[in-house]
Amino acid sequence: MAPSIPFYYLTLDGEDPCKWSPFGTLLLDVGMSTKKELLNSDFSKKQFSVSIVCQNHDQVADQAISQCVGCLVSSEYLNPQHERYFSEQFRNFSNRLMALNTKVLPALGFEIFVVAQNAAMQETLVKAMALKDRLVRTGIDERLVRVDIVCDQARLSSISRLRLMNIAYTRAAVTLPA
């Protein structure tokens with residue numbers, strides 16, 4: 001049997017991300033549905049999985065942080081009234097990411113998905129780009145960070161599958177340790 005290498009999206013949404021249901025479905029349920037998917041690499045005998053972890057990032061094991069390929073952020077936390085709280089959360093998360101994710105991030109990059117229910121797209125994207133800039137300032141090559149907006153349940157439910165496909169067809173992924 002091929003070794004399975006798990007990758008993760010972490011959720012940056014307050015104290016209890018499992019209760020977050022931006023489009024009517026709990027993120028916990030979305031995350032559970034993604035855990036079953038495995039895909040074989042075209043370039044090796046390795047299998048990959050990508051799942052959404054709806055746990056507070058401070059409570060996530062170091063191993064998951066070291067295999068983190070992206071994060072989900074509520075657009076609500078990009079608003080001025082949450083700026084101080086979220087700035088601290090993102091700083092803690094990005095410092096931990098930089099310290100622990102030394103092999104996956106350079107090979108596969110990092111995605112920031114802003115989940116926006118009723119926000120103005122342009123304004124939300126501008127605020128989201130500030131998150132990319134913060135990661136770049138911590139030392140991540142800007143070519144490795146991608147920002148996107150999720151505006152509906154179907155897109156939210158498919159991001160893990162799409163990332164899984166991208167990883168399986170990325171030659172750099174096969175060099176990652178099992």
# chains A, B, ... in the order shown; residues from 1 in each chain; ligands from 1

call {"tool": "residues_around", "arguments": {"residues": "Asn118 in chain A", "least_positions_apart": "3", "cutoff": "12 Å", "atoms": "only C-alpha atoms", "output": "list in words"}}
result
Pro22, Phe23, Ser74, Ser75, Glu76, Val114, Val115, Met121, Glu123, Thr124, Ile149, Val150, Cys151 and Asp152 of chain A

call {"tool": "residues_around", "arguments": {"residues": "Gly14 in chain A", "least_positions_apart": "6", "cutoff": "10 Å", "atoms": "only C-alpha atoms", "output": "VMD selection string"}}
result
chain A and resid 20 55 to 57 73 to 74 77 85 to 86 89

call {"tool": "residues_around", "arguments": {"residues": "range 95-105 of chain A", "least_positions_apart": "5", "cutoff": "10 Å", "atoms": "only C-alpha atoms", "output": "list in words"}}
result
Phe7, His57, Asp58, Asp62, Gln63, Ala64, Ile65, Ser66, Gln67, Cys68, Val69, Gly70, Phe90, Phe110, Glu111, Leu135, Thr138, Gly139, Ile140, Asp141, Leu144, Val145, Ala172, Ala173, Thr175, Leu176 and Pro177 of chain A

call {"tool": "residues_around", "arguments": {"residues": "Gln122 in chain A", "least_positions_apart": "6", "cutoff": "12 Å", "atoms": "only C-alpha atoms", "output": "PyMOL selection string"}}
result
chain A and resi 116+128-129+148-149

call {"tool": "select_by_dssp", "arguments": {"residues": "range 54-144 of chain A", "states": "helix (DSSP H, G or I)", "output": "NGL selection string"}}
result
:A and (57-59 or 62-66 or 75-78 or 80-100 or 104-108 or 121-137 or 142-144)

call {"tool": "residues_around", "arguments": {"residues": "Lys132 in chain A", "least_positions_apart": "6", "cutoff": "9 Å", "atoms": "only C-alpha atoms", "output": "PyMOL selection string"}}
result
chain A and resi 112+142+145-147

call {"tool": "write_last_selection", "arguments": {"atoms": "N, CA and C atoms", "output": "PDB file, in the first residue's frame"}}
result
ATOM      1  N   ILE A 112      -4.515  31.256   1.002  1.00  0.00           N
ATOM      2  CA  ILE A 112      -5.388  31.916   1.967  1.00  0.00           C
ATOM      3  C   ILE A 112      -6.742  32.070   1.288  1.00  0.00           C
ATOM      4  N   GLU A 142       6.846  35.511  -1.945  1.00  0.00           N
ATOM      5  CA  GLU A 142       5.506  35.949  -2.355  1.00  0.00           C
ATOM      6  C   GLU A 142       4.926  35.102  -3.481  1.00  0.00           C
ATOM      7  N   VAL A 145       2.533  32.288  -2.097  1.00  0.00           N
ATOM      8  CA  VAL A 145       1.282  32.584  -1.390  1.00  0.00           C
ATOM      9  C   VAL A 145       0.216  33.014  -2.390  1.00  0.00           C
ATOM     10  N   ARG A 146      -0.926  32.340  -2.318  1.00  0.00           N
ATOM     11  CA  ARG A 146      -2.054  32.640  -3.200  1.00  0.00           C
ATOM     12  C   ARG A 146      -3.255  33.029  -2.343  1.00  0.00           C
ATOM     13  N   VAL A 147      -3.999  34.025  -2.783  1.00  0.00           N
ATOM     14  CA  VAL A 147      -5.180  34.504  -2.057  1.00  0.00           C
ATOM     15  C   VAL A 147      -6.392  34.354  -2.963  1.00  0.00           C
TER      16      VAL A 147
END

call {"tool": "select_by_dssp", "arguments": {"residues": "chain A", "states": "strand (DSSP E or B)", "output": "ChimeraX atom specification"}}
result
/A:4-12,39-40,47-53,68-74,110-115,145-150

call {"tool": "residues_around", "arguments": {"residues": "range 26-36 of chain A", "least_positions_apart": "6", "cutoff": "8 Å", "atoms": "only C-alpha atoms", "output": "number ranges by chain"}}
result
A: 17-20, 49-54, 157, 160-161

call {"tool": "atom_distance", "arguments": {"atom1": "CA of Asn92 in chain A", "atom2": "CA of Val174 in chain A"}}
result
29.6 Å

call {"tool": "closest_residue", "arguments": {"among": "A:Arg163, A:Val60, A:Arg143, A:Ser87", "to": "Glu37 in chain A", "atoms": "only C-alpha atoms"}}
result
A:Arg163

call {"tool": "atom_distance", "arguments": {"atom1": "CA of Gln117 in chain A", "atom2": "CA of Gly24 in chain A"}}
result
10.6 Å

call {"tool": "atom_distance", "arguments": {"atom1": "CA of Cys71 in chain A", "atom2": "CA of Thr11 in chain A"}}
result
5.5 Å

call {"tool": "closest_residue", "arguments": {"among": "A:Thr25, A:Lys127, A:Ser44, A:Asn79", "to": "Ala154 in chain A", "atoms": "only C-alpha atoms"}}
result
A:Thr25
